[in-house]
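Read the structure below first, then the notes.
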Amino acid sequence: MLKISWVFASKNISEKSFIFAIVELYIQYMRREDLNLIEDVFQQFREWIDNRHEYAKSWKEKNQGKVVGYFCTYVPEEIIYAADILPVRVLGSHEPPTVTEPYIFAMYCHFCRDCLAQGLKGKFDYLDGIIEGQSCIHLRQTFNAWRLHIPIDYAHYIHVPHGVQTRHATPYFTKELDKFKESLEKWTGKTITNEDLDRGIQILNRNRELMRKATEYRKLNPPKITGLEAMEMTLASQMVDKREHNKLLEQLLQELPNRQLNRKADIRLMIIGSEDDDRVFMKNVEDLGATFVVDEHCTGTRYYWDNVTPMEDRLAAIATRYVNRVPCPSKDWPELTRVQHAVNLAKEYNVNGALIIQNKFCDPHGIEIPPLKEALGQVGVQTYPLEFDVTVPWGQFRTRVEAFLETLTGLEGLF
Amino acid sequence: MASAVEVKEYPSEPLKCWDQAKNLRKNYYEDYLHAHEKGGLRWAGGAWSFSSIPAGLGEDVYCITGEPYGATVAFFKDFASKCHDATEAAGFPRTLCAYMRNYWGSILLDKYVLTDGTVVDGHPAPDFIWQDHICCSHAKWYQLVKWLEKKRGKDVPMFSVDVSVGYPSDFTPEEDYKVDYIVGQLNDGIEWLEKVTGRKYNDQLLCDAVWNEMNATSLWAEVCALNQAVPAPLDEKSMYSLYVMGTLMKHRPECVAFYQTLRDEVKDRVKRGIAAVSTERFRVITDTQPPWGFLKIFREMEKYGAVSVGSLYTFGLIGMWQYLPDGTWIPKPVPPKKPQTRDEALQTIVRWTMHKPEWAHFYQPELKTKMMESIVKQWKVDAVLLHYNRGCEGLSVHIAENRLGLMEAGVPVFPFEGNMGDERDFDLTGTMARLTAFFESTGLKKLKE
């Protein structure tokens, strides 16, 4: 409401009060503009996600460049940008992946099968190549099945070290990145210079920095971004040219301070677990009245939490970033550092409950559920585990999530 | 009523070294249990870990490797069931690696199972964990062992070696930066072992253990190669009780000695035409670990004269192999000279282990399909039974691609779904009905009830 009636209904209005009222009116008017702009930004993110294939095809045509697909966030996009190639993350469709049965045994996670299904159905027929950075054997199967059964010009597997807690991981990974760079150079015929690598690093770092800044606004009460919006911001980043994404993020960050989300945020939730791009689930939970104020997903904060710190040896700098980043559980041993990171996030973002989602058959995440529950419980964060498959049974999940939310509000005491 | 099918019968006799194998395994489990009573140390880790490294701490260092222990639990289905209940009650998903859940369940129940099925109170906590990591669960498994032990009041230090560097070709040298990555970790591991045990490390014992491991793994491949003979001197069900020594103690002199004895005895069986299954007339190989609680499927197969002569799993989990330029797959011979220093020992064992056949399939399905095709050809195999094993992500990886590859090569394939360590995932009746139909489709008829 613009409160116009309030201003003009006042009798005996002083000059000072009048000016104050005009300023107030102006601010409120501007907020509406901000609101529109912010909504436009989030709408653009949504459109990019929904039309990811059209976007990539159009980028390819416009730039006369190559587009590669990658499966895991351990693929160093800096080097791909340095080669003037657009990297896009292959994600699933959340439809039953019936076409994958001959290629991947169904006891591997739905995500790896859903990704392959997209390739088999021809959804990514514009890709010039695929790249995988070693994370789990599930996605390795997707990479190999894609390489074997879907026509593609280029396929490269990077043996990203698992032992990221050893001092030998960075020198080893630097060599692996050198091999990757050479492979791209051979494929494209373009020499990747230090200036190119600096450009790649700058694009990625800027993107991460901007998304981290946006994430800061989730600390507020009420937060200025919903969990669904945050997920869409990150997913869009993984699907489009980050230079375009950065421009929108810059606009978003200018306007966000003025945004007032018209929702209660009594229940501040965290969502933790395997790869998760289930926007419907996020929306449904937030429609129940809770707000996801932070996440620990590779389609969320884990993707952008760490920057590359510049070094003379650019590949070593990139290697250092990927070795030291918030790890996927598959690489997080012997110490459980990700669990501690999740606890820190929960405290920083003043979380009162966490949904731990487990992509069925994902061992690295599944193994960590009890330690994660325990660690979060020790700082007063209640947790609830949910097993995700390619489609989510929302009817059942709704009842379970509602019951969990009731425990967070204390309402369960009434029954 | 159909008349019995007449087939040629080969002479058959039990293995003379059978009891020796059983005793070795029994003693191994008991030595771990009683290690502290003898003033020794206990360590836990996987069957694929570099077990020759902790050997440098002394002769009184005993280990229990997780996969064979998980299989032992699985074999005793009542105990396994209790282990599954315990891990699920603790909040772990039931879809995780079945060996791992069996092992954790044993800790959670505070029980330890011996090779004869005796369940003793008190799961013996290790003094340290020494593991490696190539599949998604390896190091995570023991990270959770450490976590569970801490809940029982014991702070168990853990070291794990990342070996996920890819698979080298037999015809090009290993890439030095990959070797250096693993060797560097092993060097750190030795310093770590000294620190956590307070013992001085003995490089001579390391060199001996490395040499033992190379000999044991080469010898086991020799034993498997002898199974190319018709009739097969060994059947896979029996091989499970023999290869297991390599998964438990490949670095020990008694393992080398046993495999020498076994190799000589199997050679003699081949010379004399002794069959493992007297009615052999159809040779198969399997793939991945079997459903351990249901090994009787092998006996059911014998009723059709079908014998499993092995698998890439039994041949290559412990055995070391190599390709000759003409495409023949042969046991990998040990190098001419035993390593003499720590550095030599580490370099040698890393370069040796990088060629482990069961590591190959982690990276590219074509590598495994090629090895399976070699086995089919050289071991005169009629069909392949692929166990789609819900219990093991690591060894089921790419299995669907292997099926396609074998079929393309013209090999009859029978896929069946099960679980090596969780009986709830295996349908014995249904599987046997389908297997029977498969055998009959190849023209086989039942020989006896």
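If you're wondering about the labels, chains in the structure tokens are A, B, ... by order shown, residues count from 1 in each chain, ligands from 1 in order shown.
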**Request:** Give as a ChimeraX atom specification every residue of chain A that touches chain B within 7 Å, counting only C-alpha atoms.
**Result:** /A:102-105,107,136-137,141,144,159,161-163,168,172,330,333-334,361,363-364,366-367,369-370
**Request:** For region 215-232 of chain B, please output as a list in words all residues within 7 Å (counting only C-alpha atoms; exclusion window: fewer than 5 positions along the same chain).
**Result:** Lys250, Cys255, Val256, Tyr259, Gln260, Arg263, Val266, Lys267, Val270, Gly273, Ala275, Ala276, Glu280, Val309, Phe315, Ile318, Gly319, Met320, Trp321, Pro331, Lys332, Pro333, Val334, Gln378, Trp379 and Lys380 of chain B
For the residues selected in the previous step, produce a file with C-alpha atoms as a PDB file, in the first residue's frame.
```pdb
ATOM      1  CA  LYS B 250      48.801 -61.083   0.386  1.00  0.00           C
ATOM      2  CA  CYS B 255      50.302 -66.762   1.763  1.00  0.00           C
ATOM      3  CA  VAL B 256      53.139 -67.162  -0.744  1.00  0.00           C
ATOM      4  CA  TYR B 259      49.902 -70.435  -3.188  1.00  0.00           C
ATOM      5  CA  GLN B 260      53.059 -72.299  -4.188  1.00  0.00           C
ATOM      6  CA  ARG B 263      49.867 -74.041  -7.749  1.00  0.00           C
ATOM      7  CA  VAL B 266      46.629 -77.776  -9.372  1.00  0.00           C
ATOM      8  CA  LYS B 267      49.378 -78.353 -11.947  1.00  0.00           C
ATOM      9  CA  VAL B 270      45.816 -80.795 -14.755  1.00  0.00           C
ATOM     10  CA  GLY B 273      43.078 -84.843 -15.777  1.00  0.00           C
ATOM     11  CA  ALA B 275      38.206 -82.373 -12.589  1.00  0.00           C
ATOM     12  CA  ALA B 276      36.644 -80.167  -9.979  1.00  0.00           C
ATOM     13  CA  GLU B 280      31.746 -80.875 -16.595  1.00  0.00           C
ATOM     14  CA  VAL B 309      35.728 -71.865 -13.964  1.00  0.00           C
ATOM     15  CA  PHE B 315      41.161 -63.982 -11.116  1.00  0.00           C
ATOM     16  CA  ILE B 318      44.152 -60.435  -6.197  1.00  0.00           C
ATOM     17  CA  GLY B 319      45.838 -61.968  -9.217  1.00  0.00           C
ATOM     18  CA  MET B 320      48.074 -59.800 -11.367  1.00  0.00           C
ATOM     19  CA  TRP B 321      47.902 -60.220 -15.141  1.00  0.00           C
ATOM     20  CA  PRO B 331      49.975 -64.036 -15.229  1.00  0.00           C
ATOM     21  CA  LYS B 332      52.204 -61.029 -14.651  1.00  0.00           C
ATOM     22  CA  PRO B 333      55.700 -62.234 -13.803  1.00  0.00           C
ATOM     23  CA  VAL B 334      57.455 -60.666 -10.827  1.00  0.00           C
ATOM     24  CA  GLN B 378      41.345 -68.671 -23.349  1.00  0.00           C
ATOM     25  CA  TRP B 379      39.343 -70.528 -20.695  1.00  0.00           C
ATOM     26  CA  LYS B 380      36.985 -71.995 -23.321  1.00  0.00           C
TER      27      LYS B 380
END
```
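For region 183-196 of chain A, the non-local neighbours within 7 Å, defined as residues at least 5 positions apart in the same chain or in other chains and counting only C-alpha atoms, are Ala82, Ala83 and Arg314 of chain A.
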**Prompt:** Which residues come within 9 Å of Val379 (chain A), counting only C-alpha atoms, excluding same-chain residues fewer than 4 positions away, as a list in words?
**Reply:** Val343, Ala346, Lys347 and Ala375 of chain A
Could you write out that same residue set with all heavy atoms as an mmCIF file, in the first residue's frame?
```
data_model
loop_
_atom_site.group_PDB
_atom_site.id
_atom_site.type_symbol
_atom_site.label_atom_id
_atom_site.label_comp_id
_atom_site.auth_asym_id
_atom_site.auth_seq_id
_atom_site.Cartn_x
_atom_site.Cartn_y
_atom_site.Cartn_z
ATOM 1 N N VAL A 343 27.617 -27.333 9.738
ATOM 2 C CA VAL A 343 27.287 -26.819 11.080
ATOM 3 C C VAL A 343 27.536 -25.311 11.124
ATOM 4 O O VAL A 343 26.709 -24.541 11.650
ATOM 5 C CB VAL A 343 28.131 -27.549 12.158
ATOM 6 C CG1 VAL A 343 28.031 -26.846 13.502
ATOM 7 C CG2 VAL A 343 27.683 -29.003 12.278
ATOM 8 N N ALA A 346 24.821 -23.536 9.335
ATOM 9 C CA ALA A 346 23.577 -23.561 10.118
ATOM 10 C C ALA A 346 23.596 -22.482 11.198
ATOM 11 O O ALA A 346 22.588 -21.803 11.441
ATOM 12 C CB ALA A 346 23.380 -24.939 10.742
ATOM 13 N N LYS A 347 24.759 -22.310 11.809
ATOM 14 C CA LYS A 347 24.857 -21.304 12.869
ATOM 15 C C LYS A 347 24.811 -19.889 12.281
ATOM 16 O O LYS A 347 24.084 -19.030 12.766
ATOM 17 C CB LYS A 347 26.147 -21.507 13.661
ATOM 18 C CG LYS A 347 26.091 -22.746 14.567
ATOM 19 C CD LYS A 347 27.135 -22.743 15.648
ATOM 20 C CE LYS A 347 28.490 -23.086 15.133
ATOM 21 N NZ LYS A 347 29.493 -23.391 16.147
ATOM 22 N N ALA A 375 25.983 -33.922 14.474
ATOM 23 C CA ALA A 375 26.682 -32.637 14.584
ATOM 24 C C ALA A 375 25.694 -31.474 14.585
ATOM 25 O O ALA A 375 25.846 -30.520 15.358
ATOM 26 C CB ALA A 375 27.674 -32.495 13.435
#
```
**Request:** Find the residues around Pro124 (chain B) up to 8 Å (only C-alpha atoms counted), leave out those fewer than 5 positions away in its own chain, and share them as a list in words.
**Result:** Tyr32, Leu33 and Tyr112 of chain B
Generate the output file for the selected residues, all heavy atoms, as a CSV table (one decimal), in the first residue's frame.
```
chain,number,residue,atom,x,y,z
B,32,TYR,N,43.8,-61.8,14.7
B,32,TYR,CA,43.4,-60.4,14.9
B,32,TYR,C,42.7,-60.3,16.2
B,32,TYR,O,42.9,-59.3,17.0
B,32,TYR,CB,42.4,-60.1,13.7
B,32,TYR,CG,41.9,-58.6,13.8
B,32,TYR,CD1,42.7,-57.6,13.4
B,32,TYR,CD2,40.7,-58.3,14.3
B,32,TYR,CE1,42.3,-56.3,13.5
B,32,TYR,CE2,40.2,-57.0,14.4
B,32,TYR,CZ,41.0,-56.0,14.0
B,32,TYR,OH,40.6,-54.7,14.1
B,33,LEU,N,41.8,-61.2,16.5
B,33,LEU,CA,41.0,-61.1,17.8
B,33,LEU,C,42.0,-61.1,19.0
B,33,LEU,O,41.8,-60.4,19.9
B,33,LEU,CB,40.1,-62.3,17.8
B,33,LEU,CG,39.1,-62.4,19.0
B,33,LEU,CD1,38.2,-61.2,19.1
B,33,LEU,CD2,38.3,-63.7,19.0
B,112,TYR,N,31.7,-60.2,17.0
B,112,TYR,CA,32.7,-60.6,16.0
B,112,TYR,C,32.5,-62.0,15.6
B,112,TYR,O,32.3,-62.9,16.4
B,112,TYR,CB,34.1,-60.4,16.7
B,112,TYR,CG,35.3,-60.7,15.8
B,112,TYR,CD1,35.6,-59.8,14.7
B,112,TYR,CD2,36.1,-61.8,16.0
B,112,TYR,CE1,36.8,-60.0,13.9
B,112,TYR,CE2,37.3,-62.0,15.2
B,112,TYR,CZ,37.6,-61.1,14.2
B,112,TYR,OH,38.7,-61.3,13.4
```
**Item:** Which of region 354-399 of chain B DSSP labels helix (DSSP H, G or I), written as a PyMOL selection string
**Value:** chain B and resi 357-363+365-378+393-396+399
